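Next comes upload-v7.cif, a file with mmCIF, C-alpha atoms.
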```cif
data_structure
#
loop_
_atom_site.label_atom_id
_atom_site.label_comp_id
_atom_site.auth_asym_id
_atom_site.auth_seq_id
_atom_site.Cartn_x
_atom_site.Cartn_y
_atom_site.Cartn_z
CA MET A 26 59.69 35.56 -27.59
CA ILE A 27 56.65 34.99 -29.71
CA PRO A 28 53.49 34.67 -27.59
CA ARG A 29 51.66 31.43 -28.13
CA ARG A 30 48.51 31.96 -30.11
CA ARG A 31 45.45 31.30 -28.02
CA ARG A 32 42.07 30.17 -29.18
CA PRO A 33 39.37 32.76 -28.57
CA LEU A 34 37.94 32.62 -25.05
CA GLU A 35 34.48 31.83 -26.41
CA ALA A 36 35.79 28.68 -28.09
CA ASP A 37 37.45 27.55 -24.85
CA HIS A 38 34.26 28.23 -22.93
CA LEU A 39 32.14 26.37 -25.47
CA ALA A 40 34.46 23.36 -25.33
CA ASP A 41 34.23 23.38 -21.51
CA VAL A 42 30.44 23.53 -21.63
CA ARG A 43 30.31 20.64 -24.09
CA ARG A 44 32.68 18.60 -21.93
CA LEU A 45 30.54 19.27 -18.86
CA ASP A 46 27.37 18.36 -20.75
CA ALA A 47 28.94 15.10 -21.87
CA LEU A 48 30.10 14.35 -18.31
CA ARG A 49 26.66 15.09 -16.88
CA ASP A 50 25.00 12.89 -19.48
CA GLU A 51 27.40 10.06 -18.74
CA PHE A 52 26.92 10.49 -14.99
CA VAL A 53 23.13 10.43 -15.17
CA GLY A 54 23.30 7.43 -17.48
CA LEU A 55 25.43 5.57 -14.94
CA VAL A 56 23.19 6.57 -12.01
CA SER A 57 20.16 5.44 -13.96
CA GLN A 58 21.83 2.11 -14.71
CA GLU A 59 22.86 1.61 -11.08
CA LEU A 60 19.31 2.35 -9.88
CA ARG A 61 17.68 0.05 -12.40
CA THR A 62 19.49 -3.05 -11.19
CA PRO A 63 18.13 -3.09 -7.60
CA LEU A 64 14.75 -1.91 -8.93
CA THR A 65 14.67 -4.99 -11.16
CA SER A 66 15.07 -7.23 -8.13
CA VAL A 67 12.56 -5.37 -5.96
CA ARG A 68 9.86 -5.26 -8.67
CA GLY A 69 10.59 -8.78 -9.91
CA TYR A 70 10.38 -10.46 -6.51
CA LEU A 71 7.32 -8.39 -5.52
CA ASP A 72 5.62 -9.65 -8.69
CA LEU A 73 6.49 -13.24 -7.76
CA VAL A 74 4.73 -12.81 -4.41
CA LEU A 75 1.83 -10.82 -5.88
CA ASP A 76 1.07 -13.38 -8.61
CA GLY A 77 0.78 -16.11 -6.00
CA SER A 78 4.00 -17.92 -6.93
CA ALA A 79 5.03 -17.98 -3.27
CA GLY A 80 1.61 -19.03 -1.96
CA ALA A 81 -1.80 -17.47 -1.45
CA LEU A 82 -2.00 -13.93 -0.07
CA THR A 83 -4.50 -12.42 2.32
CA GLU A 84 -6.39 -9.39 1.05
CA GLU A 85 -4.40 -7.19 3.43
CA GLN A 86 -1.03 -8.56 2.29
CA GLU A 87 -2.03 -8.01 -1.33
CA LEU A 88 -3.04 -4.44 -0.54
CA TYR A 89 0.27 -3.60 1.16
CA LEU A 90 2.40 -5.28 -1.50
CA GLY A 91 0.39 -3.45 -4.17
CA VAL A 92 1.41 -0.14 -2.58
CA ALA A 93 5.06 -1.25 -2.65
CA ALA A 94 4.79 -2.29 -6.31
CA ARG A 95 3.21 1.04 -7.31
CA SER A 96 5.94 2.93 -5.47
CA CYS A 97 8.49 0.87 -7.34
CA ASP A 98 6.88 1.85 -10.64
CA ARG A 99 6.94 5.48 -9.57
CA LEU A 100 10.65 5.19 -8.76
CA GLN A 101 11.26 3.70 -12.19
CA ARG A 102 9.40 6.56 -13.85
CA LEU A 103 11.57 9.02 -11.92
CA VAL A 104 14.72 7.27 -13.16
CA ASP A 105 13.37 7.39 -16.73
CA GLU A 106 12.54 11.08 -16.33
CA LEU A 107 16.03 11.87 -15.02
CA LEU A 108 17.52 10.15 -18.03
CA LEU A 109 15.20 11.99 -20.43
CA ILE A 110 16.06 15.38 -18.91
CA ALA A 111 19.79 14.61 -19.07
CA HIS A 112 19.56 13.56 -22.71
CA ALA A 113 17.46 16.58 -23.63
CA GLY A 114 19.87 18.90 -21.80
CA ALA A 115 22.77 17.45 -23.75
CA GLY A 116 20.81 17.80 -27.01
CA ARG A 117 20.69 14.03 -27.39
CA LEU A 118 16.97 13.43 -27.16
CA SER A 119 16.20 11.84 -30.50
CA LEU A 120 12.71 12.41 -31.84
CA GLU A 121 10.79 10.31 -34.33
CA TRP A 122 8.98 12.84 -36.46
CA THR A 123 5.63 11.94 -37.95
CA ARG A 124 2.65 13.87 -39.21
CA LEU A 125 -0.17 13.52 -36.68
CA GLY A 126 -3.49 14.95 -35.54
CA LEU A 127 -3.06 16.89 -32.32
CA THR A 128 -6.66 16.52 -31.19
CA GLU A 129 -6.56 12.76 -31.65
CA LEU A 130 -3.32 12.50 -29.72
CA VAL A 131 -4.67 14.54 -26.80
CA ARG A 132 -7.95 12.58 -26.83
CA ASP A 133 -6.06 9.27 -26.56
CA VAL A 134 -4.03 10.54 -23.59
CA LEU A 135 -7.13 11.86 -21.81
CA ASP A 136 -9.01 8.61 -22.44
CA ALA A 137 -6.17 6.70 -20.77
CA LEU A 138 -6.30 9.05 -17.76
CA ARG A 139 -10.10 9.05 -17.49
CA PRO A 140 -10.43 6.08 -15.11
CA ALA A 141 -8.03 7.75 -12.66
CA ALA A 142 -9.90 11.04 -13.06
CA GLU A 143 -13.27 9.37 -12.42
CA GLU A 144 -11.86 7.71 -9.32
CA ARG A 145 -10.85 11.13 -8.00
CA GLY A 146 -14.15 12.72 -9.06
CA VAL A 147 -12.42 15.11 -11.45
CA ASP A 148 -13.87 16.05 -14.84
CA LEU A 149 -11.41 15.90 -17.78
CA VAL A 150 -12.48 18.04 -20.70
CA LEU A 151 -10.93 18.33 -24.16
CA VAL A 152 -11.43 21.65 -25.90
CA SER A 153 -10.30 21.58 -29.50
CA GLN A 154 -11.00 23.16 -32.83
CA GLY A 155 -10.28 21.07 -35.91
CA ALA A 156 -7.74 18.30 -36.34
CA GLY A 157 -4.64 20.44 -35.78
CA ILE A 158 -2.03 18.69 -37.91
CA VAL A 159 1.54 18.86 -36.60
CA VAL A 160 4.83 17.14 -37.41
CA ALA A 161 6.16 15.89 -34.07
CA ASP A 162 7.21 12.86 -32.07
CA GLY A 163 3.82 11.43 -31.13
CA ALA A 164 5.06 9.36 -28.19
CA ARG A 165 7.00 12.27 -26.66
CA LEU A 166 4.20 14.79 -27.25
CA GLY A 167 1.75 12.30 -25.70
CA GLN A 168 4.12 11.96 -22.74
CA LEU A 169 4.13 15.75 -22.37
CA VAL A 170 0.32 15.95 -22.31
CA GLU A 171 0.13 12.97 -19.95
CA THR A 172 2.73 14.45 -17.58
CA LEU A 173 0.97 17.82 -17.33
CA THR A 174 -2.54 16.39 -17.07
CA ALA A 175 -1.61 13.67 -14.57
CA GLY A 176 0.21 16.30 -12.49
CA ALA A 177 -2.88 18.53 -12.56
CA LEU A 178 -5.08 15.57 -11.67
CA VAL A 179 -3.17 14.87 -8.49
CA GLN A 180 -3.62 18.50 -7.41
CA SER A 181 -7.29 18.84 -8.27
CA PRO A 182 -10.01 18.48 -5.63
CA PRO A 183 -13.05 16.24 -6.26
CA GLY A 184 -15.76 17.97 -8.26
CA SER A 185 -13.29 20.16 -10.14
CA ARG A 186 -12.56 20.28 -13.85
CA ILE A 187 -9.31 20.08 -15.83
CA ALA A 188 -9.54 21.58 -19.30
CA VAL A 189 -7.04 20.57 -21.97
CA ARG A 190 -7.08 22.75 -25.06
CA ALA A 191 -5.35 21.83 -28.31
CA ASP A 192 -5.20 24.21 -31.24
CA ALA A 193 -2.94 24.45 -34.25
CA ASP A 194 -2.67 26.68 -37.28
CA ASP A 195 -0.13 26.40 -40.11
CA ARG A 196 2.75 27.66 -38.03
CA ARG A 197 2.29 26.66 -34.43
CA ALA A 198 0.38 24.39 -32.10
CA VAL A 199 -0.73 25.52 -28.68
CA LEU A 200 -1.62 23.09 -25.91
CA THR A 201 -2.95 24.32 -22.59
CA VAL A 202 -3.77 22.42 -19.43
CA SER A 203 -5.84 24.45 -16.97
CA ALA A 204 -6.45 23.17 -13.47
CA PRO A 205 -7.98 24.60 -10.35
CA GLY A 206 -5.01 23.60 -8.19
CA SER A 207 -2.18 25.93 -7.30
CA GLU A 208 0.59 23.79 -8.81
CA LEU A 209 0.78 21.48 -11.79
CA ALA A 210 3.74 19.48 -10.55
CA ILE A 211 3.20 16.08 -9.02
CA PRO A 212 3.69 16.46 -5.24
CA GLY A 213 7.21 15.62 -4.12
CA SER A 214 8.68 15.94 -7.58
CA GLY A 215 9.53 18.95 -9.64
CA LEU A 216 10.65 16.61 -12.40
CA SER A 217 7.31 16.49 -14.20
CA LEU A 218 7.43 20.08 -15.37
CA ALA A 219 11.11 19.68 -16.27
CA VAL A 220 10.19 16.65 -18.40
CA ALA A 221 7.36 18.53 -20.13
CA ARG A 222 9.62 21.52 -20.74
CA ALA A 223 12.44 19.31 -22.10
CA ILE A 224 10.04 17.68 -24.59
CA ALA A 225 8.59 21.04 -25.66
CA GLU A 226 12.08 22.48 -26.17
CA ALA A 227 13.28 19.41 -28.08
CA HIS A 228 10.43 20.19 -30.52
CA GLY A 229 11.69 23.78 -30.81
CA GLY A 230 8.92 25.06 -28.54
CA SER A 231 8.42 26.30 -25.01
CA LEU A 232 6.44 25.72 -21.82
CA GLU A 233 5.07 28.46 -19.61
CA VAL A 234 3.16 28.07 -16.39
CA SER A 235 0.96 30.88 -15.15
CA THR A 236 -0.92 30.98 -11.89
CA HIS A 237 -4.09 33.00 -11.87
CA ARG A 238 -7.11 33.45 -9.66
CA GLY A 239 -8.58 30.05 -9.10
CA GLY A 240 -5.96 27.94 -10.79
CA THR A 241 -2.93 27.27 -12.92
CA THR A 242 -2.46 27.00 -16.66
CA ALA A 243 0.44 25.35 -18.41
CA THR A 244 0.86 26.53 -21.98
CA VAL A 245 2.97 24.61 -24.47
CA THR A 246 3.74 26.21 -27.80
CA VAL A 247 5.50 24.19 -30.50
CA PRO A 248 6.09 24.92 -34.18
CA THR A 249 3.99 22.65 -36.40
CA HIS A 250 7.04 22.09 -38.66
CA LEU A 251 4.57 21.69 -41.54
CA ASN A 252 6.60 23.89 -43.88
CA ASP A 253 10.03 23.05 -42.52
CA LEU A 254 12.11 21.99 -45.49
CA HIS A 255 15.32 21.59 -43.52
CA GLN A 256 14.29 18.32 -41.92
CA PRO A 257 14.42 15.52 -44.50
CA GLU A 258 12.72 13.04 -42.18
CA LYS A 259 9.85 15.48 -41.73
CA GLU A 260 9.41 15.80 -45.48
CA ALA A 261 9.18 12.06 -45.73
CA ALA A 262 6.66 11.89 -42.89
CA MET B 2 6.70 -24.95 -30.71
CA ASN B 3 7.38 -27.45 -27.95
CA ILE B 4 9.44 -25.64 -25.31
CA HIS B 5 9.91 -28.77 -23.25
CA GLY B 6 13.62 -29.54 -23.03
CA LYS B 7 14.73 -26.20 -24.49
CA THR B 8 17.76 -24.90 -22.66
CA VAL B 9 18.39 -21.24 -21.86
CA LEU B 10 21.78 -19.97 -20.72
CA ILE B 11 21.47 -17.05 -18.29
CA ALA B 12 24.54 -14.84 -17.89
CA ASP B 13 24.23 -12.20 -15.15
CA ASP B 14 26.63 -11.21 -12.39
CA ASP B 15 23.82 -10.16 -10.04
CA PRO B 16 22.79 -13.42 -8.28
CA ASP B 17 19.33 -12.07 -7.36
CA ILE B 18 18.48 -11.14 -10.94
CA GLN B 19 20.05 -14.34 -12.27
CA ALA B 20 17.80 -16.35 -9.91
CA LEU B 21 14.75 -14.26 -10.82
CA VAL B 22 15.23 -14.79 -14.56
CA ALA B 23 15.86 -18.51 -14.00
CA LEU B 24 12.76 -18.88 -11.85
CA ARG B 25 10.54 -17.16 -14.41
CA LEU B 26 11.88 -19.26 -17.29
CA GLU B 27 11.83 -22.54 -15.35
CA ARG B 28 8.19 -21.92 -14.42
CA ALA B 29 7.51 -21.42 -18.12
CA GLY B 30 8.99 -24.87 -18.79
CA TYR B 31 12.58 -24.13 -19.84
CA ARG B 32 15.73 -25.74 -18.53
CA THR B 33 18.29 -23.17 -17.39
CA ILE B 34 22.08 -23.01 -17.10
CA LEU B 35 23.60 -20.20 -15.04
CA ALA B 36 26.80 -18.19 -15.46
CA ALA B 37 28.01 -15.31 -13.28
CA ASP B 38 30.22 -13.67 -15.90
CA GLY B 39 30.71 -13.53 -19.65
CA GLN B 40 33.75 -15.81 -19.79
CA ALA B 41 31.99 -18.57 -17.82
CA ALA B 42 28.95 -18.16 -20.09
CA LEU B 43 31.10 -18.49 -23.21
CA GLU B 44 32.78 -21.65 -21.93
CA LEU B 45 29.42 -23.20 -21.03
CA ALA B 46 27.92 -22.24 -24.38
CA LEU B 47 30.82 -23.69 -26.38
CA ALA B 48 30.95 -26.91 -24.36
CA ASP B 49 27.27 -27.64 -24.86
CA PRO B 50 25.43 -25.02 -26.95
CA PRO B 51 22.09 -24.00 -25.40
CA ASP B 52 19.01 -23.11 -27.46
CA LEU B 53 19.14 -19.45 -26.42
CA ALA B 54 21.17 -17.09 -24.20
CA VAL B 55 19.87 -14.29 -21.97
CA VAL B 56 22.85 -12.01 -21.33
CA ASP B 57 23.46 -8.99 -19.14
CA TRP B 58 25.65 -6.21 -20.54
CA SER B 59 27.87 -5.25 -17.58
CA MET B 60 29.65 -8.37 -16.34
CA PRO B 61 33.20 -9.09 -15.16
CA ARG B 62 35.84 -10.80 -17.34
CA LEU B 63 33.80 -10.62 -20.56
CA ASP B 64 30.87 -8.23 -20.87
CA GLY B 65 27.63 -9.00 -22.70
CA ILE B 66 28.73 -7.26 -25.90
CA GLU B 67 32.05 -9.12 -26.03
CA LEU B 68 30.26 -12.34 -25.16
CA THR B 69 27.77 -11.87 -28.01
CA ARG B 70 30.58 -11.16 -30.49
CA ALA B 71 32.44 -14.27 -29.29
CA LEU B 72 29.30 -16.41 -29.63
CA ARG B 73 28.75 -15.11 -33.16
CA ALA B 74 32.35 -15.95 -34.06
CA HIS B 75 32.00 -19.68 -33.22
CA ALA B 76 30.24 -21.93 -35.69
CA SER B 77 28.34 -23.87 -33.00
CA THR B 78 26.80 -20.73 -31.46
CA ALA B 79 26.81 -18.34 -34.45
CA SER B 80 23.07 -18.57 -35.05
CA MET B 81 21.96 -19.10 -31.43
CA PRO B 82 19.41 -16.43 -30.40
CA VAL B 83 20.81 -13.92 -27.90
CA LEU B 84 18.51 -11.77 -25.77
CA MET B 85 20.25 -8.89 -24.04
CA LEU B 86 18.68 -8.04 -20.67
CA THR B 87 20.29 -4.89 -19.36
CA ALA B 88 19.94 -1.81 -17.18
CA ARG B 89 21.62 0.29 -19.87
CA ALA B 90 18.83 2.40 -21.27
CA ALA B 91 20.48 5.05 -23.43
CA GLU B 92 19.10 5.07 -26.95
CA THR B 93 22.52 4.37 -28.45
CA ASP B 94 23.06 1.33 -26.19
CA ALA B 95 20.50 -0.79 -28.02
CA GLU B 96 22.17 0.07 -31.34
CA VAL B 97 25.53 -1.10 -29.98
CA GLY B 98 23.85 -4.31 -28.82
CA TYR B 99 22.28 -4.99 -32.21
CA GLU B 100 25.55 -4.25 -33.99
CA ALA B 101 27.29 -6.81 -31.77
CA GLY B 102 24.73 -9.38 -32.88
CA VAL B 103 22.03 -9.56 -30.21
CA ASP B 104 18.59 -10.56 -31.51
CA ALA B 105 16.52 -8.67 -28.95
CA TYR B 106 17.18 -5.97 -26.39
CA LEU B 107 15.10 -5.87 -23.20
CA GLU B 108 15.62 -3.22 -20.54
CA LYS B 109 15.67 -3.82 -16.80
CA PRO B 110 13.39 -3.62 -14.91
CA PHE B 111 11.60 -6.13 -17.12
CA ARG B 112 8.14 -7.63 -17.05
CA ALA B 113 7.97 -11.39 -16.61
CA ASP B 114 5.56 -11.79 -19.55
CA SER B 115 7.82 -9.70 -21.83
CA LEU B 116 10.76 -11.96 -20.99
CA ARG B 117 8.73 -15.12 -21.65
CA ASP B 118 7.28 -13.71 -24.90
CA TRP B 119 10.71 -12.70 -26.22
CA VAL B 120 12.30 -16.03 -25.35
CA HIS B 121 9.41 -17.89 -26.93
CA SER B 122 9.35 -15.86 -30.15
CA LEU B 123 13.15 -15.94 -30.58
CA LEU B 124 13.17 -19.71 -30.18
CA GLU B 125 10.25 -20.05 -32.56
CA ALA B 126 12.02 -17.89 -35.16
CA ALA B 127 15.19 -19.98 -34.78
CA GLU B 128 13.41 -23.23 -35.59
#
```
Kindly transcribe the structure held in the file into structure tokens.
Amino acid sequence: MIPRRRRPLEADHLADVRRLDALRDEFVGLVSQELRTPLTSVRGYLDLVLDGSAGALTEEQELYLGVAARSCDRLQRLVDELLLIAHAGAGRLSLEWTRLGLTELVRDVLDALRPAAEERGVDLVLVSQGAGIVVADGARLGQLVETLTAGALVQSPPGSRIAVRADADDRRAVLTVSAPGSELAIPGSGLSLAVARAIAEAHGGSLEVSTHRGGTTATVTVPTHLNDLHQPEKEAA
Amino acid sequence: MNIHGKTVLIADDDPDIQALVALRLERAGYRTILAADGQAALELALADPPDLAVVDWSMPRLDGIELTRALRAHASTASMPVLMLTARAAETDAEVGYEAGVDAYLEKPFRADSLRDWVHSLLEAAE
């Protein structure tokens, strides 16, 4: 009897891993879809009450409903983050590559976060040398900086300072967020760091978090892709 | 553009969301017709073509993609603007929607002003 020829074990294993990745991606997509539908009703009807469509509200009612609406938004962000992590894990996070100034991108994100920082009494500082040109997905990279800085903001006590550093040479860009708190993750959710890491890795980079005396620093390193000739869309950018 | 008298067909199998969309559009001045599945929406649209359709993706009998293709295949509804309002948020989903013939793709949860703006601009472009 001639033994049936088997594919190498590695090929079988790889096929299994791909199948599992596809299943996970499909599952998270479905969960996300199922969660969005009730969220649409909750947020939509809350908005109807909040905008006065159902009659005038007392200040107290508006305050309580505002808390519910913000929690709804937070839930939606979590659903979006789950979907992003699933797509990134399955290698299906598509990036729109453009040539951009790193310092400008970080400044825009910090400017958007400044009102929240002022409310908490936290100083947001940008430390940067030069423009730092990179080829990256601006929206995703901005999301990464926003995720890390907003996470640090929540952990930082009044009177403290969060320093965001952005530097880039020809080969790589380094972004650091240093905060006095002990953790950079938003309380109650470890998703923020996973999101930041997924975005860094989708750019071919990495994220490291180090805790030191007096605080925590998250360091993101991504290639600038300035001399990458294997990406036609980057050449065009 | 005068929106008075413009009719919007809303196809969604979730009665709460269907009512929410209708309420928002009626308050903006539109007349609405409601359908709880794609087949019912198609029959309503062919019997008396509305000015625009807001369609969900996942619906019984005929889903939003099949509905859009069917609308595009009939002369009376071939150029009617279709706005897909869906909880499907994968990046490839929107591409499938556009390939089927939808004119705009709006994800749930949606903002009331985004819905109104899209409906208004699609109707304006159709004039």
Within 7 Å of Arg117 (chain B) using all atoms listed in the file, minus same-chain residues under 4 positions, as a VMD selection string: chain B and resid 26 113 121
Selection result of the PyMOL selection byres ((chain B) within 12 of (chain A)) on this file, as an NGL selection string: :B and (13-25 or 28 or 57-59 or 86-94 or 108-114 or 116)
For CA of Leu178 (chain A) and CA of Leu232 (chain A), the interatomic separation in Å (one decimal): 18.4 Å
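If you look at CA of Arg139 (chain A) and CA of Leu173 (chain A), they are 14.1 Å away from each other.
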Shell of 9 Å around region 5-12 of chain B, only C-alpha atoms, local chain residues under 4 positions omitted, as a ChimeraX atom specification: /B:19,22-23,26,30-39,41-42,45-46,50-57,60,65,120,124
Selection dump of the PyMOL selection byres ((chain A and resi 204) around 10), as a list in words: Leu149, Leu173, Thr174, Gly176, Ala177, Leu178, Gln180, Ser181, Pro182, Ser185, Arg186, Ile187, Ala188, Val189, Thr201, Val202, Ser203, Pro205, Gly206, Ser207, Glu208, Leu209, Thr236, Gly239, Gly240, Thr241, Thr242 and Ala243 of chain A
Selected residue of minimal separation from Ser153 (chain A) among A:Val74, A:Ala113, A:Ala191, A:Ala47, counting only C-alpha atoms: A:Ala191
Residue nearest Leu123 (chain B) among B:Val97, B:Ile4, B:Tyr106, B:Leu84 (counting all atoms listed in the file): B:Leu84
Quick one: which residues end up in the PyMOL selection byres ((chain A and resi 168) around 12) for this structure, as a compact mmCIF listing (two decimals) with C-alpha atoms, in the frame of the given file?
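The file below, part.txt, is the result:
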```txt
# COMPACT_ATOMS: atom_id res chain seq x y z
CA ARG A 102 9.40 6.56 -13.85
CA ASP A 105 13.37 7.39 -16.73
CA GLU A 106 12.54 11.08 -16.33
CA LEU A 109 15.20 11.99 -20.43
CA LEU A 130 -3.32 12.50 -29.72
CA VAL A 131 -4.67 14.54 -26.80
CA ASP A 133 -6.06 9.27 -26.56
CA VAL A 134 -4.03 10.54 -23.59
CA LEU A 135 -7.13 11.86 -21.81
CA ALA A 137 -6.17 6.70 -20.77
CA LEU A 138 -6.30 9.05 -17.76
CA ASP A 162 7.21 12.86 -32.07
CA GLY A 163 3.82 11.43 -31.13
CA ALA A 164 5.06 9.36 -28.19
CA ARG A 165 7.00 12.27 -26.66
CA LEU A 166 4.20 14.79 -27.25
CA GLY A 167 1.75 12.30 -25.70
CA LEU A 169 4.13 15.75 -22.37
CA VAL A 170 0.32 15.95 -22.31
CA GLU A 171 0.13 12.97 -19.95
CA THR A 172 2.73 14.45 -17.58
CA LEU A 173 0.97 17.82 -17.33
CA THR A 174 -2.54 16.39 -17.07
CA ALA A 175 -1.61 13.67 -14.57
CA GLY A 176 0.21 16.30 -12.49
CA SER A 217 7.31 16.49 -14.20
CA LEU A 218 7.43 20.08 -15.37
CA VAL A 220 10.19 16.65 -18.40
CA ALA A 221 7.36 18.53 -20.13
CA ARG A 222 9.62 21.52 -20.74
CA ALA A 223 12.44 19.31 -22.10
CA ILE A 224 10.04 17.68 -24.59
CA ALA A 225 8.59 21.04 -25.66
```
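What separates CA of Ala161 (chain A) from CA of Phe52 (chain A) is a distance of 28.7 Å.
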From A:Ala219, A:Ala141, A:Gly146, A:Leu75, residue lying nearest Leu107 (chain A) [all atoms listed in the file]: A:Ala219
Closest of B:Ala127, B:Gln40, B:Met81, B:Ala48 to Arg62 (chain B) - atom-to-atom distances counting all atoms listed in the file: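 Result for the nearest residue to Arg62 (chain B): B:Gln40.
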Which centre and which edge lengths, in Å to one decimal, describe the axis-aligned box that holds all listed atoms of region 129-142 of chain A after 8 Å is added on each side, as lines of an AutoDock Vina configuration file?
```
center_x = -6.9
center_y = 10.3
center_z = -22.2
size_x = 23.1
size_y = 24.5
size_z = 35.0
```
